[in-house]
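Chemist: Sharing coords_38.txt here; it has compact mmCIF, C-alpha atoms and all ligand atoms.
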# COMPACT_ATOMS: atom_id res chain seq x y z
CA MET A 1 16.94 -12.34 9.72
CA LYS A 2 18.23 -11.86 6.18
CA LEU A 3 15.38 -10.32 4.17
CA LEU A 4 14.74 -9.41 0.55
CA VAL A 5 12.45 -6.40 0.05
CA THR A 6 11.16 -6.17 -3.51
CA GLY A 7 10.03 -2.66 -4.40
CA GLY A 8 12.04 -1.29 -1.49
CA ALA A 9 12.77 1.93 -3.40
CA GLY A 10 9.06 2.80 -3.50
CA TYR A 11 6.92 4.67 -0.98
CA ILE A 12 5.71 1.81 1.23
CA GLY A 13 8.59 -0.59 0.54
CA SER A 14 11.20 1.96 1.58
CA VAL A 15 9.44 2.64 4.89
CA VAL A 16 9.25 -1.09 5.65
CA ALA A 17 12.90 -1.55 4.61
CA ALA A 18 13.88 1.29 6.99
CA GLN A 19 11.90 -0.24 9.88
CA LEU A 20 13.43 -3.66 9.22
CA VAL A 21 16.96 -2.18 9.30
CA GLU A 22 16.06 -0.37 12.54
CA ALA A 23 14.85 -3.69 13.99
CA GLY A 24 18.29 -5.19 13.33
CA HIS A 25 17.54 -7.28 10.24
CA GLU A 26 19.94 -7.65 7.31
CA VAL A 27 18.05 -6.15 4.36
CA ALA A 28 18.55 -6.23 0.60
CA VAL A 29 16.28 -4.22 -1.70
CA LEU A 30 15.43 -5.45 -5.20
CA ASP A 31 13.82 -2.73 -7.33
CA ASP A 32 13.85 -1.99 -11.05
CA LEU A 33 13.43 1.77 -10.38
CA SER A 34 10.55 1.95 -12.87
CA THR A 35 8.61 3.97 -10.29
CA GLY A 36 10.90 3.91 -7.24
CA HIS A 37 13.83 6.14 -6.36
CA ALA A 38 17.33 4.80 -5.64
CA ASP A 39 17.78 7.45 -2.94
CA ALA A 40 14.77 6.07 -1.05
CA VAL A 41 16.64 2.86 -0.23
CA PRO A 42 17.57 3.17 3.44
CA ALA A 43 21.19 3.43 4.52
CA GLY A 44 22.14 0.05 5.86
CA ALA A 45 20.24 -1.88 3.17
CA ALA A 46 21.97 -3.40 0.15
CA PHE A 47 20.51 -2.45 -3.24
CA VAL A 48 20.15 -4.57 -6.37
CA GLN A 49 18.55 -3.02 -9.45
CA GLY A 50 16.40 -5.55 -11.26
CA THR A 51 12.88 -6.84 -11.81
CA ILE A 52 11.17 -9.47 -9.68
CA ALA A 53 11.41 -11.84 -12.65
CA GLU A 54 15.19 -11.62 -12.16
CA ALA A 55 15.14 -12.42 -8.44
CA GLY A 56 16.72 -15.90 -8.80
CA PRO A 57 20.43 -14.96 -8.59
CA VAL A 58 19.78 -12.63 -5.66
CA LEU A 59 17.74 -15.22 -3.74
CA SER A 60 20.39 -17.87 -4.26
CA GLN A 61 22.61 -15.85 -1.90
CA GLY A 62 20.39 -17.17 0.91
CA PHE A 63 17.45 -15.32 2.50
CA ASP A 64 15.05 -16.14 5.32
CA ALA A 65 12.04 -14.35 3.82
CA VAL A 66 10.78 -11.97 1.13
CA LEU A 67 8.65 -8.87 1.65
CA HIS A 68 7.06 -8.29 -1.74
CA PHE A 69 6.02 -4.73 -2.67
CA ALA A 70 7.19 -4.42 -6.27
CA ALA A 71 4.10 -3.92 -8.44
CA LYS A 72 2.31 -1.77 -10.95
CA SER A 73 -0.40 -0.01 -8.95
CA LEU A 74 -2.27 2.52 -11.09
CA VAL A 75 -5.91 1.52 -11.46
CA ALA A 76 -6.59 3.59 -14.60
CA GLU A 77 -3.42 2.35 -16.29
CA SER A 78 -4.47 -1.22 -15.51
CA VAL A 79 -7.76 -0.68 -17.35
CA ALA A 80 -5.97 0.83 -20.37
CA ASP A 81 -3.13 -1.73 -20.46
CA PRO A 82 -4.21 -4.89 -18.62
CA ALA A 83 -1.41 -7.05 -20.05
CA LYS A 84 1.13 -4.87 -18.23
CA TYR A 85 -0.59 -5.77 -14.94
CA TRP A 86 -1.03 -9.47 -15.64
CA THR A 87 2.56 -9.81 -16.83
CA GLY A 88 4.22 -7.45 -14.36
CA ASN A 89 2.24 -8.27 -11.21
CA LEU A 90 1.05 -11.86 -11.65
CA GLY A 91 3.76 -13.14 -14.05
CA GLY A 92 6.52 -11.42 -12.09
CA THR A 93 5.26 -12.78 -8.78
CA LEU A 94 4.96 -16.34 -10.11
CA ALA A 95 8.60 -16.09 -11.25
CA LEU A 96 9.53 -14.75 -7.81
CA LEU A 97 7.69 -17.59 -6.04
CA GLU A 98 9.41 -20.17 -8.24
CA ALA A 99 12.81 -18.59 -7.56
CA MET A 100 12.02 -18.65 -3.83
CA ARG A 101 11.13 -22.33 -4.04
CA GLN A 102 14.35 -23.16 -5.85
CA ALA A 103 16.40 -21.16 -3.34
CA GLY A 104 14.58 -22.69 -0.35
CA VAL A 105 13.14 -19.36 0.83
CA ASP A 106 9.85 -20.32 2.44
CA ARG A 107 8.31 -17.12 3.86
CA ILE A 108 6.67 -14.17 2.12
CA VAL A 109 4.73 -11.07 3.19
CA PHE A 110 2.73 -9.71 0.26
CA SER A 111 1.21 -6.28 -0.45
CA SER A 112 -2.37 -6.99 -1.37
CA THR A 113 -5.06 -4.34 -1.65
CA ALA A 114 -8.60 -3.29 -0.87
CA ALA A 115 -9.06 -3.34 -4.66
CA THR A 116 -9.40 -7.15 -4.42
CA TYR A 117 -12.89 -6.61 -2.93
CA GLY A 118 -14.24 -4.39 -5.70
CA GLU A 119 -17.60 -2.77 -4.89
CA PRO A 120 -18.30 -3.96 -1.31
CA GLU A 121 -21.70 -5.16 -0.15
CA ARG A 122 -21.21 -3.84 3.37
CA SER A 123 -19.00 -1.65 5.50
CA PRO A 124 -16.63 -2.25 7.20
CA ILE A 125 -15.20 -4.97 4.94
CA LEU A 126 -14.18 -8.29 6.48
CA GLU A 127 -11.56 -10.60 4.98
CA THR A 128 -14.29 -13.21 4.43
CA ASP A 129 -16.33 -10.86 2.22
CA PRO A 130 -16.63 -11.53 -1.54
CA THR A 131 -13.66 -10.59 -3.73
CA ARG A 132 -14.92 -9.18 -7.01
CA PRO A 133 -12.28 -6.77 -8.32
CA THR A 134 -13.52 -4.16 -10.77
CA ASN A 135 -10.20 -3.53 -12.53
CA PRO A 136 -7.13 -5.53 -13.72
CA TYR A 137 -4.97 -4.06 -10.93
CA GLY A 138 -7.21 -5.55 -8.22
CA ALA A 139 -7.68 -8.73 -10.25
CA SER A 140 -3.91 -9.23 -10.60
CA LYS A 141 -3.43 -8.80 -6.84
CA LEU A 142 -6.29 -11.21 -6.10
CA ALA A 143 -4.77 -13.78 -8.48
CA ILE A 144 -1.51 -13.51 -6.52
CA ASP A 145 -3.38 -14.07 -3.25
CA THR A 146 -4.91 -17.18 -4.83
CA ALA A 147 -1.48 -18.40 -5.96
CA LEU A 148 -0.07 -17.87 -2.46
CA THR A 149 -2.81 -20.05 -0.98
CA ALA A 150 -1.96 -22.78 -3.49
CA PHE A 151 1.80 -22.54 -2.86
CA ALA A 152 1.23 -22.68 0.90
CA GLY A 153 -0.90 -25.82 0.52
CA LEU A 154 1.36 -27.54 -2.02
CA TYR A 155 4.88 -26.56 -1.04
CA GLY A 156 4.62 -25.51 2.60
CA LEU A 157 5.18 -21.81 1.90
CA GLY A 158 4.37 -19.53 4.84
CA ALA A 159 2.57 -16.46 3.46
CA VAL A 160 0.77 -13.41 4.80
CA SER A 161 -1.12 -10.99 2.54
CA LEU A 162 -1.88 -7.53 3.88
CA ARG A 163 -4.79 -5.81 2.15
CA TYR A 164 -4.04 -2.13 2.32
CA PHE A 165 -6.76 0.48 2.33
CA ASN A 166 -5.64 4.13 1.75
CA VAL A 167 -2.04 4.57 2.80
CA ALA A 168 -0.80 8.09 3.48
CA GLY A 169 1.54 10.15 5.66
CA ALA A 170 5.31 10.05 6.00
CA TYR A 171 7.81 8.25 8.19
CA THR A 172 10.75 9.80 10.02
CA ALA A 173 13.35 7.14 10.74
CA ARG A 174 15.48 7.08 13.88
CA ASP A 175 18.41 8.53 11.89
CA GLY A 176 16.18 11.53 11.06
CA ARG A 177 15.65 10.54 7.45
CA VAL A 178 12.18 11.24 6.08
CA TYR A 179 10.38 8.80 3.77
CA ARG A 180 7.43 10.24 1.88
CA GLU A 181 5.14 9.61 -1.05
CA ARG A 182 6.64 10.95 -4.31
CA HIS A 183 5.08 9.31 -7.33
CA ASP A 184 5.89 10.77 -10.74
CA VAL A 185 2.27 10.15 -11.68
CA GLU A 186 0.34 11.11 -8.54
CA THR A 187 -3.23 9.89 -8.38
CA HIS A 188 -3.72 9.77 -4.59
CA LEU A 189 -5.95 12.28 -2.87
CA ILE A 190 -3.83 13.58 0.03
CA PRO A 191 -0.66 14.36 -2.01
CA ASN A 192 -2.84 15.97 -4.69
CA VAL A 193 -4.56 18.19 -2.11
CA LEU A 194 -1.26 19.14 -0.47
CA ALA A 195 0.19 20.00 -3.90
CA VAL A 196 -2.46 22.75 -4.12
CA ALA A 197 -1.36 24.10 -0.71
CA LEU A 198 2.22 24.14 -2.05
CA GLY A 199 1.05 26.22 -5.03
CA GLU A 200 1.78 23.50 -7.59
CA HIS A 201 -1.86 23.46 -8.81
CA PRO A 202 -4.58 26.13 -8.55
CA SER A 203 -7.23 23.72 -7.22
CA VAL A 204 -7.97 20.10 -6.45
CA LYS A 205 -10.58 18.14 -8.35
CA VAL A 206 -13.21 16.27 -6.34
CA PHE A 207 -14.09 13.23 -8.42
CA GLY A 208 -17.85 13.02 -7.94
CA ALA A 209 -20.18 14.67 -5.41
CA ASP A 210 -23.26 12.55 -6.13
CA TYR A 211 -22.31 9.33 -4.35
CA PRO A 212 -24.72 7.85 -1.77
CA THR A 213 -22.61 9.15 1.14
CA PRO A 214 -23.39 11.91 3.70
CA ASP A 215 -21.75 14.72 1.66
CA GLY A 216 -21.90 12.99 -1.73
CA THR A 217 -18.13 12.38 -2.00
CA CYS A 218 -16.33 9.03 -1.70
CA VAL A 219 -15.45 7.70 1.73
CA ARG A 220 -12.10 6.00 2.36
CA ASP A 221 -10.17 4.51 5.28
CA TYR A 222 -6.81 6.29 5.62
CA ILE A 223 -3.92 4.53 7.37
CA HIS A 224 -0.58 6.03 8.39
CA VAL A 225 2.34 4.52 6.49
CA ALA A 226 4.28 4.01 9.75
CA ASP A 227 1.41 1.94 11.20
CA LEU A 228 0.99 0.01 7.98
CA SER A 229 4.71 -0.69 7.89
CA ARG A 230 4.77 -1.95 11.48
CA ALA A 231 2.16 -4.55 10.54
CA HIS A 232 4.68 -6.08 8.12
CA LEU A 233 7.12 -6.82 10.92
CA LEU A 234 4.33 -8.58 12.84
CA ALA A 235 3.29 -10.44 9.68
CA LEU A 236 6.84 -11.61 9.11
CA ASP A 237 6.92 -13.21 12.55
CA ALA A 238 3.48 -14.73 11.91
CA CYS A 239 4.42 -16.49 8.62
CA ALA A 240 3.91 -20.18 9.39
CA PRO A 241 4.77 -23.10 7.07
CA GLY A 242 1.82 -24.28 4.98
CA ARG A 243 -0.37 -21.31 5.90
CA HIS A 244 -1.57 -18.30 3.92
CA ASP A 245 -3.23 -15.69 6.10
CA ILE A 246 -4.93 -12.57 4.78
CA TYR A 247 -5.43 -9.40 6.84
CA ASN A 248 -7.08 -6.08 6.08
CA LEU A 249 -5.15 -3.00 7.12
CA GLY A 250 -6.97 0.24 7.72
CA SER A 251 -7.79 2.51 10.62
CA GLY A 252 -11.44 1.43 10.73
CA SER A 253 -13.00 4.84 10.16
CA GLY A 254 -14.04 6.47 6.93
CA PHE A 255 -13.50 10.05 5.75
CA SER A 256 -15.05 11.66 2.72
CA VAL A 257 -13.02 13.49 0.07
CA GLN A 258 -14.48 16.78 1.37
CA GLU A 259 -13.50 15.89 4.94
CA VAL A 260 -9.95 15.10 3.83
CA ILE A 261 -9.71 18.46 2.05
CA ALA A 262 -11.04 20.21 5.20
CA VAL A 263 -8.37 18.56 7.36
CA CYS A 264 -5.71 19.55 4.81
CA ARG A 265 -6.95 23.18 4.99
CA GLU A 266 -6.73 23.09 8.78
CA VAL A 267 -3.23 21.56 8.82
CA THR A 268 -1.71 23.77 6.09
CA GLY A 269 -3.60 27.02 6.79
CA HIS A 270 -4.14 27.28 3.03
CA PRO A 271 -7.63 27.81 1.52
CA ILE A 272 -7.11 24.91 -1.00
CA PRO A 273 -9.76 25.64 -3.64
CA ALA A 274 -11.69 22.54 -4.72
CA GLU A 275 -13.84 21.99 -7.80
CA ILE A 276 -16.35 19.23 -8.36
CA ALA A 277 -15.45 17.07 -11.35
CA ASP A 278 -16.91 13.93 -12.93
CA ARG A 279 -16.70 10.64 -11.08
CA ARG A 280 -13.51 8.67 -11.65
CA PRO A 281 -14.48 5.37 -13.31
CA GLY A 282 -14.37 2.38 -10.98
CA ASP A 283 -14.34 4.28 -7.65
CA PRO A 284 -16.51 2.52 -5.04
CA ALA A 285 -18.56 4.94 -2.90
CA VAL A 286 -17.30 3.64 0.44
CA LEU A 287 -14.22 1.54 1.29
CA VAL A 288 -13.64 1.03 5.00
CA ALA A 289 -11.73 -1.88 6.52
CA SER A 290 -12.47 -3.97 9.50
CA SER A 291 -8.97 -4.49 10.92
CA ASP A 292 -10.28 -6.61 13.80
CA LYS A 293 -8.60 -9.76 12.51
CA ILE A 294 -5.06 -8.37 12.53
CA HIS A 295 -5.74 -6.74 15.89
CA ARG A 296 -7.01 -10.01 17.33
CA GLU A 297 -4.45 -12.37 15.81
CA LEU A 298 -1.27 -10.29 15.52
CA GLY A 299 -1.93 -7.62 18.17
CA TRP A 300 -1.68 -4.74 15.66
CA THR A 301 -3.28 -1.38 16.45
CA PRO A 302 -2.58 1.95 14.76
CA ASP A 303 -0.43 4.45 16.70
CA HIS A 304 -1.64 7.29 14.45
CA PRO A 305 -5.36 6.65 13.91
CA SER A 306 -6.30 10.30 13.41
CA LEU A 307 -6.54 11.71 9.90
CA LYS A 308 -5.05 14.95 11.21
CA SER A 309 -1.83 13.24 12.29
CA ILE A 310 -1.58 11.45 8.93
CA VAL A 311 -2.02 14.72 7.02
CA THR A 312 0.29 16.62 9.39
CA ASP A 313 3.11 14.12 8.83
CA ALA A 314 2.58 14.16 5.04
CA TRP A 315 2.62 17.98 5.05
CA THR A 316 5.66 18.31 7.34
CA ALA A 317 7.64 15.93 5.12
CA LEU A 318 7.08 17.97 1.94
CA PRO A 319 9.94 20.27 0.89
CA LYS A 320 8.76 23.91 0.94
CA ASN A 321 10.37 26.82 -0.87
N1 LIG B 1 -9.80 11.74 -5.41
C1 LIG B 1 -10.22 13.00 -5.76
N2 LIG B 1 -9.32 13.85 -6.32
C2 LIG B 1 -8.01 13.50 -6.53
C3 LIG B 1 -7.59 12.19 -6.16
C4 LIG B 1 -8.52 11.34 -5.60
O1 LIG B 1 -11.39 13.36 -5.59
O2 LIG B 1 -7.23 14.30 -7.06
C5 LIG B 1 -10.76 10.85 -4.76
C6 LIG B 1 -10.96 9.53 -5.48
O3 LIG B 1 -11.92 9.65 -6.48
C7 LIG B 1 -11.36 8.62 -4.33
C8 LIG B 1 -10.61 9.18 -3.11
O4 LIG B 1 -10.25 10.52 -3.48
O5 LIG B 1 -12.72 8.75 -4.09
C9 LIG B 1 -9.33 8.43 -2.79
O6 LIG B 1 -8.58 8.28 -3.99
P1 LIG B 1 -7.10 7.74 -4.02
O7 LIG B 1 -6.67 7.74 -5.46
O8 LIG B 1 -6.27 8.50 -3.04
O9 LIG B 1 -7.23 6.28 -3.47
P2 LIG B 1 -8.16 5.08 -3.98
O10 LIG B 1 -9.19 4.89 -2.90
O11 LIG B 1 -8.64 5.23 -5.36
O12 LIG B 1 -7.07 3.96 -4.08
C10 LIG B 1 -6.79 3.09 -3.08
C11 LIG B 1 -5.40 2.52 -3.30
C12 LIG B 1 -5.36 1.72 -4.57
C13 LIG B 1 -6.47 0.73 -4.59
C14 LIG B 1 -7.79 1.41 -4.37
C15 LIG B 1 -8.93 0.42 -4.29
O13 LIG B 1 -4.47 3.57 -3.37
O14 LIG B 1 -4.13 1.04 -4.64
O15 LIG B 1 -7.76 2.09 -3.14
O16 LIG B 1 -10.10 1.03 -4.76
F1 LIG B 1 -6.53 0.12 -5.79
Kindly return the structure encoded in the file as structure tokens.
Ligand code: UFG

Modeler:
Amino acid sequence: MKLLVTGGAGYIGSVVAAQLVEAGHEVAVLDDLSTGHADAVPAGAAFVQGTIAEAGPVLSQGFDAVLHFAAKSLVAESVADPAKYWTGNLGGTLALLEAMRQAGVDRIVFSSTAATYGEPERSPILETDPTRPTNPYGASKLAIDTALTAFAGLYGLGAVSLRYFNVAGAYTARDGRVYRERHDVETHLIPNVLAVALGEHPSVKVFGADYPTPDGTCVRDYIHVADLSRAHLLALDACAPGRHDIYNLGSGSGFSVQEVIAVCREVTGHPIPAEIADRRPGDPAVLVASSDKIHRELGWTPDHPSLKSIVTDAWTALPKN
């Protein structure tokens, strides 16, 4: 298939682009490089620098489907500057959907998020649970999910949204190239903990130790980026005209911040000092996915369900002096 990957120079988009090339698809990446890296675009994929609002001319070259990753994704930034999220994520995606319609591209796989659920009522979270985002980032992604449902019903679009929980780890492609997380502003736990093991910071901050969880720190569901990426290839095949399907993507088990730090200590052999800090605003205590639906309907199961293998791959991929 001929596929457009928006945000294919970013962490997750580049891994999916690499897996699509490996699967024999013809891939073009559209990325404005606001947070991505041009050198993350896989060999074998074409690259166009531009925003999703400028997708029209690219799409008019003829594509079978779009995999849509390009987005602003910093929760705290979304609270401070909501317009950036409404314009960039929702406005940009509406322009992309309109350009797809005009170009006759009728399939899309979309990166949604656990942040659409907000503070969950129960764990694990099912796709049918209430969606009450607690920040503009999650709200903008939920609005896109709503738009996709409408476009599927009205125009026959075939859409699949994948609601990611906590993505981590690195992917080594068949050509030996390594794709890893490298955000200029790093907010995610595992890269922040590993940065301490690398000597880049003296200690890691634990944001809150008074949550109603077994050790008082937040519990999350970590999923290996290679497993997450593989789900996109299944989702692409599952896109059916007039349907919008939503699937959670996690490993199904929760680990606390302290447990993650302990696994990082074990993997790196570094003591990794940690200090308890204030809670980070808007962090739910527990976020764990039920991924039963994608298992049942698309046959997806994680190849790397253990946190240790996720951390090991993230650590191995980091350049060391
Ligand atoms: N944390 C720390 N110290 C750090 C970084 C994170 O204690 O240096 C904690 C956070 O407070 C949280 C947990 O580690 O309890 C995980 O934090 P991440 O930032 O790694 O991930 P989040 O769970 O906040 O974010 C994920 C996705 C977002 C999505 C969000 C939904 O990465 O895209 O879930 O809540 F919006």

Chemist: When you look at Arg177 of chain A with a cut-off of 12 Å (counting all atoms listed in the file), what residues show up, excluding the ones that are within fewer than 6 positions of it in the same chain? I need them as a compact mmCIF listing (two decimals) with C-alpha atoms, in the coordinates of the input.

Modeler:
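The resulting file, out.txt, is reproduced below:
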# COMPACT_ATOMS: atom_id res chain seq x y z
CA SER A 14 11.20 1.96 1.58
CA VAL A 15 9.44 2.64 4.89
CA ALA A 18 13.88 1.29 6.99
CA GLN A 19 11.90 -0.24 9.88
CA ASP A 39 17.78 7.45 -2.94
CA ALA A 40 14.77 6.07 -1.05
CA VAL A 41 16.64 2.86 -0.23
CA PRO A 42 17.57 3.17 3.44
CA ALA A 43 21.19 3.43 4.52
CA ALA A 170 5.31 10.05 6.00
CA TYR A 171 7.81 8.25 8.19
CA ALA A 317 7.64 15.93 5.12

Chemist: Show me which residues are within 9 Å of ligand LIG 1 (chain B) counting only C-alpha atoms and all ligand atoms, and format the list as a VMD selection string.

Modeler: chain A and resid 73 to 75 112 to 119 133 to 135 137 to 138 164 to 168 186 to 193 204 to 209 217 to 222 256 to 258 260 276 to 277 279 to 287

Chemist: Write out, as a compact mmCIF listing (two decimals), in the coordinates of the input, the residues just selected, with C-alpha atoms.

Modeler:
# COMPACT_ATOMS: atom_id res chain seq x y z
CA SER A 73 -0.40 -0.01 -8.95
CA LEU A 74 -2.27 2.52 -11.09
CA VAL A 75 -5.91 1.52 -11.46
CA SER A 112 -2.37 -6.99 -1.37
CA THR A 113 -5.06 -4.34 -1.65
CA ALA A 114 -8.60 -3.29 -0.87
CA ALA A 115 -9.06 -3.34 -4.66
CA THR A 116 -9.40 -7.15 -4.42
CA TYR A 117 -12.89 -6.61 -2.93
CA GLY A 118 -14.24 -4.39 -5.70
CA GLU A 119 -17.60 -2.77 -4.89
CA PRO A 133 -12.28 -6.77 -8.32
CA THR A 134 -13.52 -4.16 -10.77
CA ASN A 135 -10.20 -3.53 -12.53
CA TYR A 137 -4.97 -4.06 -10.93
CA GLY A 138 -7.21 -5.55 -8.22
CA TYR A 164 -4.04 -2.13 2.32
CA PHE A 165 -6.76 0.48 2.33
CA ASN A 166 -5.64 4.13 1.75
CA VAL A 167 -2.04 4.57 2.80
CA ALA A 168 -0.80 8.09 3.48
CA GLU A 186 0.34 11.11 -8.54
CA THR A 187 -3.23 9.89 -8.38
CA HIS A 188 -3.72 9.77 -4.59
CA LEU A 189 -5.95 12.28 -2.87
CA ILE A 190 -3.83 13.58 0.03
CA PRO A 191 -0.66 14.36 -2.01
CA ASN A 192 -2.84 15.97 -4.69
CA VAL A 193 -4.56 18.19 -2.11
CA VAL A 204 -7.97 20.10 -6.45
CA LYS A 205 -10.58 18.14 -8.35
CA VAL A 206 -13.21 16.27 -6.34
CA PHE A 207 -14.09 13.23 -8.42
CA GLY A 208 -17.85 13.02 -7.94
CA ALA A 209 -20.18 14.67 -5.41
CA THR A 217 -18.13 12.38 -2.00
CA CYS A 218 -16.33 9.03 -1.70
CA VAL A 219 -15.45 7.70 1.73
CA ARG A 220 -12.10 6.00 2.36
CA ASP A 221 -10.17 4.51 5.28
CA TYR A 222 -6.81 6.29 5.62
CA SER A 256 -15.05 11.66 2.72
CA VAL A 257 -13.02 13.49 0.07
CA GLN A 258 -14.48 16.78 1.37
CA VAL A 260 -9.95 15.10 3.83
CA ILE A 276 -16.35 19.23 -8.36
CA ALA A 277 -15.45 17.07 -11.35
CA ARG A 279 -16.70 10.64 -11.08
CA ARG A 280 -13.51 8.67 -11.65
CA PRO A 281 -14.48 5.37 -13.31
CA GLY A 282 -14.37 2.38 -10.98
CA ASP A 283 -14.34 4.28 -7.65
CA PRO A 284 -16.51 2.52 -5.04
CA ALA A 285 -18.56 4.94 -2.90
CA VAL A 286 -17.30 3.64 0.44
CA LEU A 287 -14.22 1.54 1.29

Chemist: Applying 10 Å and only C-alpha atoms, which residues near Leu194 of chain A remain after dropping the ones on its own chain fewer than 4 positions away? List them as a list in words.

Modeler: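 After dropping sequence-adjacent residues, the list is Leu189, Ile190, Leu198, Gly199, Glu200, His201, Val204, Ile261, Cys264, Arg265, Val267, Thr268, His270, Ile272, Val311, Ala314, Trp315 and Leu318 of chain A.
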
Chemist: Could you give me, as a VMD selection string, the residues within 10 Å of Ala231 of chain A, counting all atoms listed in the file and dropping anything in the same chain fewer than 5 positions from it?

Modeler: chain A and resid 16 162 225 to 226 236 247 249 294 to 295 298 to 302

Chemist: Between A:Asp237, A:Asp32, A:Asp245, A:Glu98, which has the minimum distance to Thr128 of chain A (counting only C-alpha atoms)?

Modeler: A:Asp245

Chemist: How many Å lie between atom CA of Thr93 of chain A and atom CA of Pro120 of chain A, rounded to one decimal?

Modeler: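 Computed distance, atom CA of Thr93 of chain A to atom CA of Pro120 of chain A, equals 26.2 Å.
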
Chemist: Quote the spacing between atom CA of Arg243 of chain A and atom CA of Ser123 of chain A in Å to one decimal place.

Modeler: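 Spanning atom CA of Arg243 of chain A to atom CA of Ser123 of chain A is a straight-line distance of 27.1 Å.
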
Chemist: For Thr51 of chain A, which of A:Met100, A:Ala23, A:Ala17, A:Ala95 is the closest residue, counting all atoms listed in the file?

Modeler: A:Ala95

Chemist: What gap, in Å, lies between atom CA of Ile52 of chain A and atom CA of His25 of chain A?

Modeler: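 If I compute the distance from atom CA of Ile52 of chain A to atom CA of His25 of chain A, I get 21.0 Å.
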